[in-house]
Amino acid sequence: MIVRDAGDRAVLVEYTDLADAMANYRSLAASRIDSVVDLVPATTTVLIRHNGHRDAVLTWVRSTEPSAQEIEDDTDTVVVAVTYDGEDLGDVAEVTGLTVAEVVEAHTEQTWTVAFGGFAPGFGYLVGQDDRLTVPRRTTPRTTVPAGSVGLAGEFSGVYPRSSPGGWQLIGRTDAVLWDVDRDPPALLRPGVTVRFEQR
């Protein structure tokens with residue numbers, strides 16, 4: 001773990017890899033202290049905005065042990081209904097050596113966790129428990145990807161909250177509303193939230 005100042009009201013904590021960052025983010029979020037204004041996880045870091053009490057934050061960060069993820073039930077899991085008819089579904093099957101049905105099965109039969117957000121409001125980078133669906137991004141990104149598109153890229157799965165350019169491999173689509181300013185919180189898929197995809 002490496003801790004660096006990010007201005008006078010934040011610190012950036014660097015971890016060894018994504019799993020390490022996720023485990024530590026879970027612990028930090030669960031044991032958040034009053035000096036912390038916001039926690040922003042990313043691939044291998046957690047940005048901690050604070051109210052000026054830097055020493056208290058550093059003590060807290062260094063004394064907090066990473067948390068193992070334990071999914072005991074689906075009570076707090078977001079279920080996203082998906083129609084699996086994406087343009088790249090066949091290509092994903094070919095790259096992974098699976099049939100189309102097995103790609104869908106691999107996507108729906110595991111629990112995904114939102115590792116961090118980014119790219120656009122409401123977009124969550126989801127990591128699963130099964131690496132069979134690890135695929136590269138498209139060599140040529142699309143100029144427009146429809147809102148609700150469900151995709152894969154590297155070790156991640158994600159859902160486009162709005163129409164935008166993108167290079168993810170599209171395997172399906174959903175009507176789920178990923179970002180709603182009138183909802184509290186606005187993002188459906190927030191860091192730490194577990195997700196299950198369901199074929200419709």
# chains A, B, ... in the order shown; residues from 1 in each chain; ligands from 1

call {"tool": "residues_around", "arguments": {"residues": "Leu189 (chain A)", "least_positions_apart": "2", "cutoff": "8 Å", "atoms": "only C-alpha atoms", "output": "VMD selection string"}}
result
chain A and resid 78 114 122 to 124 178 187 191 193

call {"tool": "write_last_selection", "arguments": {"atoms": "N, CA and C atoms", "output": "PDB file, in the first residue's frame"}}
result
ATOM      1  N   VAL A  78     -28.729  -6.553  -6.834  1.00  0.00           N
ATOM      2  CA  VAL A  78     -29.518  -5.955  -7.907  1.00  0.00           C
ATOM      3  C   VAL A  78     -29.651  -6.980  -9.027  1.00  0.00           C
ATOM      4  N   VAL A 114     -19.792  -4.567  -8.398  1.00  0.00           N
ATOM      5  CA  VAL A 114     -19.346  -3.295  -8.961  1.00  0.00           C
ATOM      6  C   VAL A 114     -18.034  -2.915  -8.291  1.00  0.00           C
ATOM      7  N   GLY A 122     -23.374   6.577 -13.808  1.00  0.00           N
ATOM      8  CA  GLY A 122     -24.174   5.361 -13.761  1.00  0.00           C
ATOM      9  C   GLY A 122     -23.491   4.137 -14.320  1.00  0.00           C
ATOM     10  N   PHE A 123     -22.309   4.313 -14.950  1.00  0.00           N
ATOM     11  CA  PHE A 123     -21.611   3.158 -15.519  1.00  0.00           C
ATOM     12  C   PHE A 123     -20.767   2.499 -14.439  1.00  0.00           C
ATOM     13  N   GLY A 124     -21.009   1.214 -14.204  1.00  0.00           N
ATOM     14  CA  GLY A 124     -20.239   0.466 -13.227  1.00  0.00           C
ATOM     15  C   GLY A 124     -19.385  -0.595 -13.884  1.00  0.00           C
ATOM     16  N   LEU A 178     -30.061   2.923 -15.283  1.00  0.00           N
ATOM     17  CA  LEU A 178     -28.802   2.915 -14.534  1.00  0.00           C
ATOM     18  C   LEU A 178     -28.554   4.220 -13.789  1.00  0.00           C
ATOM     19  N   ALA A 187     -27.294   6.477  -8.945  1.00  0.00           N
ATOM     20  CA  ALA A 187     -26.716   5.322  -9.642  1.00  0.00           C
ATOM     21  C   ALA A 187     -27.284   4.017  -9.101  1.00  0.00           C
ATOM     22  N   PRO A 191     -20.288   1.255  -6.408  1.00  0.00           N
ATOM     23  CA  PRO A 191     -19.195   0.401  -5.936  1.00  0.00           C
ATOM     24  C   PRO A 191     -19.596  -0.432  -4.726  1.00  0.00           C
ATOM     25  N   VAL A 193     -21.832  -2.873  -4.787  1.00  0.00           N
ATOM     26  CA  VAL A 193     -23.131  -3.508  -5.017  1.00  0.00           C
ATOM     27  C   VAL A 193     -22.927  -4.811  -5.789  1.00  0.00           C
TER      28      VAL A 193
END

call {"tool": "residues_around", "arguments": {"residues": "Val177 (chain A)", "least_positions_apart": "4", "cutoff": "8 Å", "atoms": "only C-alpha atoms", "output": "list of chain:residue names"}}
result
A:Gly148, A:Pro161, A:Leu188

call {"tool": "write_last_selection", "arguments": {"atoms": "C-alpha atoms", "output": "compact mmCIF listing (two decimals), in the first residue's frame"}}
result
# COMPACT_ATOMS: atom_id res chain seq x y z
CA GLY A 148 -28.94 -0.31 -21.97
CA PRO A 161 -26.39 4.00 -18.99
CA LEU A 188 -28.24 1.84 -9.60

call {"tool": "atom_distance", "arguments": {"atom1": "CA of Asp8 (chain A)", "atom2": "CA of Thr45 (chain A)"}}
result
17.9 Å

call {"tool": "residues_around", "arguments": {"residues": "Arg32 (chain A)", "least_positions_apart": "5", "cutoff": "12 Å", "atoms": "only C-alpha atoms", "output": "PDB file with C-alpha atoms, in the first residue's frame"}}
result
ATOM      1  CA  ASN A  24      -9.712  -2.535   1.060  1.00  0.00           C
ATOM      2  CA  TYR A  25     -12.506  -0.336  -0.323  1.00  0.00           C
ATOM      3  CA  ARG A  26     -15.079  -2.670   1.278  1.00  0.00           C
ATOM      4  CA  SER A  27     -13.366  -2.308   4.660  1.00  0.00           C
ATOM      5  CA  VAL A  37     -15.963  13.234   2.952  1.00  0.00           C
ATOM      6  CA  ASP A  38     -15.940  10.728   0.086  1.00  0.00           C
ATOM      7  CA  LEU A  39     -14.408   7.448  -1.068  1.00  0.00           C
ATOM      8  CA  ILE A  48     -10.191   9.527  -0.028  1.00  0.00           C
ATOM      9  CA  ARG A  49     -11.464  13.081   0.270  1.00  0.00           C
ATOM     10  CA  HIS A  50     -11.274  14.391   3.823  1.00  0.00           C
ATOM     11  CA  ALA A  56      -6.633  10.795  11.421  1.00  0.00           C
ATOM     12  CA  VAL A  57      -7.344   9.541   7.910  1.00  0.00           C
ATOM     13  CA  TRP A  60      -7.460   4.892   9.842  1.00  0.00           C
ATOM     14  CA  VAL A  61      -6.258   3.752   6.410  1.00  0.00           C
ATOM     15  CA  THR A  64      -7.904  -1.014   8.432  1.00  0.00           C
TER      16      THR A  64
END

call {"tool": "atom_distance", "arguments": {"atom1": "CA of Val95 (chain A)", "atom2": "CA of Gly166 (chain A)"}}
result
19.2 Å

call {"tool": "atom_distance", "arguments": {"atom1": "CA of Pro66 (chain A)", "atom2": "CA of Leu47 (chain A)"}}
result
15.8 Å

call {"tool": "select_by_dssp", "arguments": {"residues": "region 31-192 of chain A", "states": "strand (DSSP E or B)", "output": "MDAnalysis selection string"}}
result
chainID A and resid 36:41 45:50 78:83 112:117 124:127 135 142:145 149:154 156:159 164:166 169:173 179 187

call {"tool": "select_by_dssp", "arguments": {"residues": "chain A", "states": "helix (DSSP H, G or I)", "output": "number ranges by chain"}}
result
A: 18-30, 54-63, 89-96, 100-108, 131-133

call {"tool": "residues_around", "arguments": {"residues": "Leu126 (chain A)", "least_positions_apart": "4", "cutoff": "8 Å", "atoms": "only C-alpha atoms", "output": "list of chain:residue names"}}
result
A:Trp112, A:Thr113, A:Val114, A:Ala115, A:Phe116, A:Phe156, A:Ser157, A:Gly158

call {"tool": "write_last_selection", "arguments": {"atoms": "all heavy atoms", "output": "PDB file, in the first residue's frame"}}
result
ATOM      1  N   TRP A 112     -21.870 -10.827  -9.879  1.00  0.00           N
ATOM      2  CA  TRP A 112     -20.927  -9.783 -10.257  1.00  0.00           C
ATOM      3  C   TRP A 112     -20.899  -8.731  -9.152  1.00  0.00           C
ATOM      4  O   TRP A 112     -21.894  -8.548  -8.440  1.00  0.00           O
ATOM      5  CB  TRP A 112     -21.349  -9.133 -11.571  1.00  0.00           C
ATOM      6  CG  TRP A 112     -21.359 -10.077 -12.739  1.00  0.00           C
ATOM      7  CD1 TRP A 112     -22.350 -10.972 -13.069  1.00  0.00           C
ATOM      8  CD2 TRP A 112     -20.329 -10.239 -13.715  1.00  0.00           C
ATOM      9  NE1 TRP A 112     -22.000 -11.681 -14.195  1.00  0.00           N
ATOM     10  CE2 TRP A 112     -20.765 -11.244 -14.621  1.00  0.00           C
ATOM     11  CE3 TRP A 112     -19.099  -9.633 -13.922  1.00  0.00           C
ATOM     12  CZ2 TRP A 112     -20.007 -11.653 -15.704  1.00  0.00           C
ATOM     13  CZ3 TRP A 112     -18.335 -10.031 -15.009  1.00  0.00           C
ATOM     14  CH2 TRP A 112     -18.782 -11.030 -15.879  1.00  0.00           C
ATOM     15  N   THR A 113     -19.798  -8.027  -9.026  1.00  0.00           N
ATOM     16  CA  THR A 113     -19.669  -6.957  -8.038  1.00  0.00           C
ATOM     17  C   THR A 113     -19.183  -5.697  -8.732  1.00  0.00           C
ATOM     18  O   THR A 113     -18.262  -5.749  -9.549  1.00  0.00           O
ATOM     19  CB  THR A 113     -18.667  -7.338  -6.931  1.00  0.00           C
ATOM     20  OG1 THR A 113     -19.090  -8.550  -6.300  1.00  0.00           O
ATOM     21  CG2 THR A 113     -18.587  -6.241  -5.875  1.00  0.00           C
ATOM     22  N   VAL A 114     -19.792  -4.567  -8.398  1.00  0.00           N
ATOM     23  CA  VAL A 114     -19.346  -3.295  -8.961  1.00  0.00           C
ATOM     24  C   VAL A 114     -18.034  -2.915  -8.291  1.00  0.00           C
ATOM     25  O   VAL A 114     -17.994  -2.638  -7.093  1.00  0.00           O
ATOM     26  CB  VAL A 114     -20.391  -2.185  -8.749  1.00  0.00           C
ATOM     27  CG1 VAL A 114     -19.926  -0.889  -9.426  1.00  0.00           C
ATOM     28  CG2 VAL A 114     -21.759  -2.604  -9.294  1.00  0.00           C
ATOM     29  N   ALA A 115     -16.961  -2.936  -9.078  1.00  0.00           N
ATOM     30  CA  ALA A 115     -15.639  -2.612  -8.526  1.00  0.00           C
ATOM     31  C   ALA A 115     -15.470  -1.107  -8.381  1.00  0.00           C
ATOM     32  O   ALA A 115     -14.950  -0.617  -7.382  1.00  0.00           O
ATOM     33  CB  ALA A 115     -14.539  -3.172  -9.426  1.00  0.00           C
ATOM     34  N   PHE A 116     -15.915  -0.369  -9.395  1.00  0.00           N
ATOM     35  CA  PHE A 116     -15.815   1.088  -9.373  1.00  0.00           C
ATOM     36  C   PHE A 116     -16.668   1.644 -10.499  1.00  0.00           C
ATOM     37  O   PHE A 116     -17.173   0.906 -11.348  1.00  0.00           O
ATOM     38  CB  PHE A 116     -14.355   1.555  -9.524  1.00  0.00           C
ATOM     39  CG  PHE A 116     -13.649   1.005 -10.732  1.00  0.00           C
ATOM     40  CD1 PHE A 116     -13.649   1.698 -11.937  1.00  0.00           C
ATOM     41  CD2 PHE A 116     -12.967  -0.201 -10.664  1.00  0.00           C
ATOM     42  CE1 PHE A 116     -13.001   1.188 -13.055  1.00  0.00           C
ATOM     43  CE2 PHE A 116     -12.309  -0.718 -11.779  1.00  0.00           C
ATOM     44  CZ  PHE A 116     -12.333  -0.028 -12.974  1.00  0.00           C
ATOM     45  N   PHE A 156     -14.085  -7.293 -17.184  1.00  0.00           N
ATOM     46  CA  PHE A 156     -15.271  -6.581 -16.721  1.00  0.00           C
ATOM     47  C   PHE A 156     -16.510  -6.847 -17.566  1.00  0.00           C
ATOM     48  O   PHE A 156     -16.428  -7.141 -18.759  1.00  0.00           O
ATOM     49  CB  PHE A 156     -15.017  -5.070 -16.741  1.00  0.00           C
ATOM     50  CG  PHE A 156     -13.868  -4.619 -15.891  1.00  0.00           C
ATOM     51  CD1 PHE A 156     -12.679  -4.206 -16.464  1.00  0.00           C
ATOM     52  CD2 PHE A 156     -13.962  -4.629 -14.510  1.00  0.00           C
ATOM     53  CE1 PHE A 156     -11.608  -3.791 -15.699  1.00  0.00           C
ATOM     54  CE2 PHE A 156     -12.897  -4.221 -13.718  1.00  0.00           C
ATOM     55  CZ  PHE A 156     -11.713  -3.798 -14.317  1.00  0.00           C
ATOM     56  N   SER A 157     -17.660  -6.693 -16.918  1.00  0.00           N
ATOM     57  CA  SER A 157     -18.936  -6.578 -17.610  1.00  0.00           C
ATOM     58  C   SER A 157     -19.503  -5.221 -17.225  1.00  0.00           C
ATOM     59  O   SER A 157     -19.125  -4.650 -16.196  1.00  0.00           O
ATOM     60  CB  SER A 157     -19.913  -7.687 -17.189  1.00  0.00           C
ATOM     61  OG  SER A 157     -21.103  -7.617 -17.970  1.00  0.00           O
ATOM     62  N   GLY A 158     -20.395  -4.687 -18.053  1.00  0.00           N
ATOM     63  CA  GLY A 158     -20.973  -3.383 -17.750  1.00  0.00           C
ATOM     64  C   GLY A 158     -22.210  -3.130 -18.578  1.00  0.00           C
ATOM     65  O   GLY A 158     -22.500  -3.858 -19.543  1.00  0.00           O
TER      66      GLY A 158
END

call {"tool": "residues_around", "arguments": {"residues": "Asp88 (chain A)", "least_positions_apart": "6", "cutoff": "10 Å", "atoms": "only C-alpha atoms", "output": "number ranges by chain"}}
result
A: 94, 138, 151-152, 168-172

call {"tool": "write_last_selection", "arguments": {"atoms": "N, CA, C and O atoms", "output": "PDB file, in the first residue's frame"}}
result
ATOM      1  N   GLU A  94     -16.929 -17.324 -29.918  1.00  0.00           N
ATOM      2  CA  GLU A  94     -15.775 -17.831 -30.662  1.00  0.00           C
ATOM      3  C   GLU A  94     -14.467 -17.592 -29.912  1.00  0.00           C
ATOM      4  O   GLU A  94     -13.618 -18.482 -29.806  1.00  0.00           O
ATOM      5  N   ARG A 138     -13.230  -4.451 -28.553  1.00  0.00           N
ATOM      6  CA  ARG A 138     -13.269  -4.465 -30.011  1.00  0.00           C
ATOM      7  C   ARG A 138     -12.061  -3.709 -30.569  1.00  0.00           C
ATOM      8  O   ARG A 138     -11.641  -2.698 -29.994  1.00  0.00           O
ATOM      9  N   GLY A 151     -22.291  -5.276 -22.008  1.00  0.00           N
ATOM     10  CA  GLY A 151     -21.067  -5.638 -22.700  1.00  0.00           C
ATOM     11  C   GLY A 151     -20.019  -6.269 -21.820  1.00  0.00           C
ATOM     12  O   GLY A 151     -20.144  -6.335 -20.587  1.00  0.00           O
ATOM     13  N   LEU A 152     -18.961  -6.716 -22.488  1.00  0.00           N
ATOM     14  CA  LEU A 152     -17.802  -7.310 -21.842  1.00  0.00           C
ATOM     15  C   LEU A 152     -16.546  -6.640 -22.385  1.00  0.00           C
ATOM     16  O   LEU A 152     -16.479  -6.306 -23.575  1.00  0.00           O
ATOM     17  N   TRP A 168     -16.752  -1.900 -26.109  1.00  0.00           N
ATOM     18  CA  TRP A 168     -17.001  -3.158 -25.416  1.00  0.00           C
ATOM     19  C   TRP A 168     -17.696  -4.144 -26.361  1.00  0.00           C
ATOM     20  O   TRP A 168     -18.377  -3.760 -27.310  1.00  0.00           O
ATOM     21  N   GLN A 169     -17.536  -5.432 -26.058  1.00  0.00           N
ATOM     22  CA  GLN A 169     -18.200  -6.492 -26.822  1.00  0.00           C
ATOM     23  C   GLN A 169     -19.640  -6.593 -26.329  1.00  0.00           C
ATOM     24  O   GLN A 169     -19.886  -6.926 -25.167  1.00  0.00           O
ATOM     25  N   LEU A 170     -20.594  -6.306 -27.207  1.00  0.00           N
ATOM     26  CA  LEU A 170     -22.003  -6.252 -26.802  1.00  0.00           C
ATOM     27  C   LEU A 170     -22.642  -7.631 -26.873  1.00  0.00           C
ATOM     28  O   LEU A 170     -22.644  -8.279 -27.924  1.00  0.00           O
ATOM     29  N   ILE A 171     -23.203  -8.071 -25.738  1.00  0.00           N
ATOM     30  CA  ILE A 171     -23.823  -9.395 -25.695  1.00  0.00           C
ATOM     31  C   ILE A 171     -25.328  -9.339 -25.454  1.00  0.00           C
ATOM     32  O   ILE A 171     -26.014 -10.346 -25.597  1.00  0.00           O
ATOM     33  N   GLY A 172     -25.856  -8.177 -25.074  1.00  0.00           N
ATOM     34  CA  GLY A 172     -27.287  -8.100 -24.802  1.00  0.00           C
ATOM     35  C   GLY A 172     -27.736  -6.684 -24.514  1.00  0.00           C
ATOM     36  O   GLY A 172     -26.990  -5.717 -24.715  1.00  0.00           O
TER      37      GLY A 172
END

call {"tool": "residues_around", "arguments": {"residues": "Met1 (chain A)", "least_positions_apart": "6", "cutoff": "8 Å", "atoms": "only C-alpha atoms", "output": "PDB file with C-alpha atoms, in the first residue's frame"}}
result
ATOM      1  CA  VAL A  13      -4.138   5.041  -1.672  1.00  0.00           C
ATOM      2  CA  GLU A  14      -2.472   2.700  -4.170  1.00  0.00           C
ATOM      3  CA  TYR A  15      -2.913  -1.075  -3.872  1.00  0.00           C
ATOM      4  CA  THR A  16      -1.265  -3.995  -5.654  1.00  0.00           C
TER       5      THR A  16
END

call {"tool": "decode", "arguments": {"residues": "region 166-181 of chain A", "atoms": "N, CA, C and O atoms", "output": "CSV table (one decimal), in the first residue's frame"}}
result
chain,number,residue,atom,x,y,z
A,166,GLY,N,-18.3,3.5,-27.8
A,166,GLY,CA,-17.7,2.5,-26.9
A,166,GLY,C,-17.1,1.3,-27.7
A,166,GLY,O,-17.5,1.0,-28.8
A,167,GLY,N,-16.2,0.6,-27.0
A,167,GLY,CA,-15.5,-0.5,-27.7
A,167,GLY,C,-15.7,-1.8,-27.0
A,167,GLY,O,-15.0,-2.8,-27.2
A,168,TRP,N,-16.8,-1.9,-26.1
A,168,TRP,CA,-17.0,-3.2,-25.4
A,168,TRP,C,-17.7,-4.1,-26.4
A,168,TRP,O,-18.4,-3.8,-27.3
A,169,GLN,N,-17.5,-5.4,-26.1
A,169,GLN,CA,-18.2,-6.5,-26.8
A,169,GLN,C,-19.6,-6.6,-26.3
A,169,GLN,O,-19.9,-6.9,-25.2
A,170,LEU,N,-20.6,-6.3,-27.2
A,170,LEU,CA,-22.0,-6.3,-26.8
A,170,LEU,C,-22.6,-7.6,-26.9
A,170,LEU,O,-22.6,-8.3,-27.9
A,171,ILE,N,-23.2,-8.1,-25.7
A,171,ILE,CA,-23.8,-9.4,-25.7
A,171,ILE,C,-25.3,-9.3,-25.5
A,171,ILE,O,-26.0,-10.3,-25.6
A,172,GLY,N,-25.9,-8.2,-25.1
A,172,GLY,CA,-27.3,-8.1,-24.8
A,172,GLY,C,-27.7,-6.7,-24.5
A,172,GLY,O,-27.0,-5.7,-24.7
A,173,ARG,N,-29.0,-6.6,-24.0
A,173,ARG,CA,-29.5,-5.3,-23.7
A,173,ARG,C,-30.5,-5.4,-22.6
A,173,ARG,O,-31.1,-6.4,-22.4
A,174,THR,N,-30.7,-4.3,-21.9
A,174,THR,CA,-31.6,-4.3,-20.7
A,174,THR,C,-32.4,-2.9,-20.7
A,174,THR,O,-31.9,-1.9,-21.3
A,175,ASP,N,-33.6,-3.0,-20.0
A,175,ASP,CA,-34.3,-1.7,-19.9
A,175,ASP,C,-34.1,-1.1,-18.5
A,175,ASP,O,-34.7,-0.1,-18.2
A,176,ALA,N,-33.2,-1.7,-17.7
A,176,ALA,CA,-32.9,-1.1,-16.4
A,176,ALA,C,-32.4,0.3,-16.5
A,176,ALA,O,-31.6,0.6,-17.4
A,177,VAL,N,-32.8,1.2,-15.6
A,177,VAL,CA,-32.4,2.6,-15.6
A,177,VAL,C,-31.2,2.6,-14.7
A,177,VAL,O,-31.3,2.5,-13.5
A,178,LEU,N,-30.1,2.9,-15.3
A,178,LEU,CA,-28.8,2.9,-14.5
A,178,LEU,C,-28.6,4.2,-13.8
A,178,LEU,O,-27.9,4.2,-12.8
A,179,TRP,N,-29.1,5.3,-14.3
A,179,TRP,CA,-28.8,6.6,-13.7
A,179,TRP,C,-30.1,7.4,-13.7
A,179,TRP,O,-30.7,7.6,-14.8
A,180,ASP,N,-30.6,7.9,-12.5
A,180,ASP,CA,-31.8,8.6,-12.4
A,180,ASP,C,-31.6,9.7,-11.3
A,180,ASP,O,-31.4,9.4,-10.2
A,181,VAL,N,-31.5,11.0,-11.7
A,181,VAL,CA,-31.2,12.1,-10.8
A,181,VAL,C,-32.3,12.2,-9.7
A,181,VAL,O,-32.0,12.8,-8.7
